[in-house]
Amino acid sequence: MMTIRLNPYLNFHGTAREALEFYQSVLGGSLNIMNYDSIPGVMGDADEGDKVMHGQLDTEDGLTLMAADLPASLADSPDASLGGVSITLSGTDKRIRDAWDALTEGGTIVEPFAEAPWGDTFGMLVDRFGARWMLSLEKAE
């Protein structure tokens, strides 16, 4: 049987490592990071070797979040802070509320984490790296 996954991939301007390490502290899991200098000449200029070419966070419960730093040649390209897309985290587990509490540290609450008209506890925020999140703690049956 074939497997297919859809994963968020965030671009940053030099803060991908810090963001991924923060997301790991929030979500748990294992983090793998490959720098530009791991494959010389593929990404960025010689002085950008410590930037993240590809980072991937995989959690025990099947979540995957990927990120990278844009090279200086793409300095004008949009990054995760420019919006248009939100990372959504939903479920019935206490981890949703814990994630909300952690992600709001240094971030901006757009919509408070409160009971929504449909019964779930829902909130929206922009984390300290500029990534937009929507969290929904589903009402227990």
# chains A, B, ... in the order shown; residues from 1 in each chain; ligands from 1
>>> select_by_dssp(residues="range 3-117 of chain A", states="strand (DSSP E or B)", output="JSON, numbers by chain")
{"A": [9, 10, 11, 12, 30, 31, 32, 33, 34, 35, 52, 53, 54, 55, 56, 57, 58, 64, 65, 66, 67, 68, 69, 86, 87, 88, 89, 90, 91, 108, 109, 110, 111, 112, 113, 114, 115]}
>>> residues_around(residues="Phe129 in chain A", least_positions_apart="6", cutoff="8 Å", atoms="only C-alpha atoms", output="number ranges by chain")
A: 15, 19, 80-81, 107
>>> write_last_selection(atoms="N, CA, C and O atoms", output="compact mmCIF listing (two decimals), in the first residue's frame")
# COMPACT_ATOMS: atom_id res chain seq x y z
N THR A 15 16.72 32.12 10.62
CA THR A 15 16.28 31.67 11.95
C THR A 15 15.68 30.27 11.93
O THR A 15 15.03 29.86 12.89
N ALA A 19 14.06 28.30 15.12
CA ALA A 19 12.64 27.99 15.05
C ALA A 19 12.39 26.49 15.20
O ALA A 19 11.52 26.07 15.97
N ALA A 80 8.21 32.69 6.35
CA ALA A 80 7.06 32.26 7.15
C ALA A 80 6.34 33.42 7.82
O ALA A 80 5.16 33.31 8.13
N SER A 81 7.00 34.54 8.01
CA SER A 81 6.39 35.67 8.71
C SER A 81 5.42 36.47 7.86
O SER A 81 4.70 37.30 8.38
N GLY A 107 5.24 35.37 21.23
CA GLY A 107 4.42 35.54 20.03
C GLY A 107 3.30 36.54 20.26
O GLY A 107 3.26 37.25 21.26
>>> closest_residue(among="A:Ala131, A:Leu27, A:Ala16, A:Ala102", to="Asp50 in chain A", atoms="only C-alpha atoms")
A:Ala16
>>> residues_around(residues="Asn11 in chain A", least_positions_apart="3", cutoff="8 Å", atoms="only C-alpha atoms", output="PyMOL selection string")
chain A and resi 16+67-70+78-80
>>> write_last_selection(atoms="N, CA and C atoms", output="mmCIF file, in the first residue's frame")
data_model
loop_
_atom_site.group_PDB
_atom_site.id
_atom_site.type_symbol
_atom_site.label_atom_id
_atom_site.label_comp_id
_atom_site.auth_asym_id
_atom_site.auth_seq_id
_atom_site.Cartn_x
_atom_site.Cartn_y
_atom_site.Cartn_z
ATOM 1 N N ALA A 16 15.900 29.508 10.880
ATOM 2 C CA ALA A 16 15.298 28.174 10.769
ATOM 3 C C ALA A 16 15.742 27.252 11.906
ATOM 4 N N ALA A 67 11.632 22.864 7.561
ATOM 5 C CA ALA A 67 11.998 24.272 7.423
ATOM 6 C C ALA A 67 13.388 24.398 6.835
ATOM 7 N N ALA A 68 13.660 25.589 6.299
ATOM 8 C CA ALA A 68 14.968 25.904 5.739
ATOM 9 C C ALA A 68 15.180 27.414 5.792
ATOM 10 N N ASP A 69 16.451 27.800 5.689
ATOM 11 C CA ASP A 69 16.803 29.212 5.543
ATOM 12 C C ASP A 69 16.940 29.531 4.065
ATOM 13 N N LEU A 70 16.399 30.662 3.674
ATOM 14 C CA LEU A 70 16.577 31.122 2.297
ATOM 15 C C LEU A 70 17.996 31.667 2.137
ATOM 16 N N PRO A 78 9.527 35.958 0.179
ATOM 17 C CA PRO A 78 8.740 35.885 1.413
ATOM 18 C C PRO A 78 9.166 34.708 2.279
ATOM 19 N N ASP A 79 9.050 34.905 3.580
ATOM 20 C CA ASP A 79 9.339 33.828 4.514
ATOM 21 C C ASP A 79 8.085 33.529 5.330
ATOM 22 N N ALA A 80 8.211 32.693 6.349
ATOM 23 C CA ALA A 80 7.061 32.260 7.149
ATOM 24 C C ALA A 80 6.340 33.419 7.815
#
>>> residues_around(residues="Leu137 in chain A", least_positions_apart="3", cutoff="7 Å", atoms="only C-alpha atoms", output="list in words")
Ser90, Gly91, Thr92, Ile96, Asp120, Thr121 and Phe122 of chain A
>>> write_last_selection(atoms="N, CA, C and O atoms", output="compact mmCIF listing (two decimals), in the first residue's frame")
# COMPACT_ATOMS: atom_id res chain seq x y z
N SER A 90 -4.65 20.29 15.71
CA SER A 90 -5.95 20.02 16.32
C SER A 90 -5.99 18.61 16.87
O SER A 90 -5.26 17.73 16.43
N GLY A 91 -6.86 18.42 17.84
CA GLY A 91 -7.05 17.11 18.43
C GLY A 91 -7.72 17.21 19.77
O GLY A 91 -8.17 18.29 20.19
N THR A 92 -7.78 16.08 20.46
CA THR A 92 -8.45 16.03 21.76
C THR A 92 -7.46 15.95 22.91
O THR A 92 -7.85 15.97 24.07
N ILE A 96 -2.51 19.86 22.90
CA ILE A 96 -2.95 21.03 22.14
C ILE A 96 -2.86 22.27 23.03
O ILE A 96 -2.32 23.30 22.62
N ASP A 120 -15.53 23.68 20.16
CA ASP A 120 -14.11 23.41 20.43
C ASP A 120 -13.49 24.63 21.11
O ASP A 120 -14.04 25.72 21.08
N THR A 121 -12.33 24.43 21.71
CA THR A 121 -11.52 25.54 22.18
C THR A 121 -10.56 25.86 21.05
O THR A 121 -9.82 24.99 20.58
N PHE A 122 -10.59 27.10 20.57
CA PHE A 122 -9.88 27.47 19.35
C PHE A 122 -9.15 28.79 19.57
O PHE A 122 -9.65 29.68 20.26
>>> residues_around(residues="range 22-26 of chain A", least_positions_apart="5", cutoff="12 Å", atoms="only C-alpha atoms", output="JSON, numbers by chain")
{"A": [10, 15, 16, 17, 31, 32, 55, 56, 57, 58, 59, 60, 63, 64, 65, 66, 67, 87, 89, 95, 96, 97, 98, 99, 100, 101, 102, 103, 104, 105, 106, 127, 128, 129, 131, 133]}
>>> atom_distance(atom1="CA of Gly29 in chain A", atom2="CA of Phe12 in chain A")
20.9 Å
>>> select_by_dssp(residues="range 13-107 of chain A", states="helix (DSSP H, G or I)", output="PyMOL selection string")
chain A and resi 16-27+36-38+46-48+72-74+80-82+95-104
>>> residues_around(residues="Met43 in chain A", least_positions_apart="5", cutoff="9 Å", atoms="only C-alpha atoms", output="number ranges by chain")
A: 36-37, 48-49, 53, 70-71
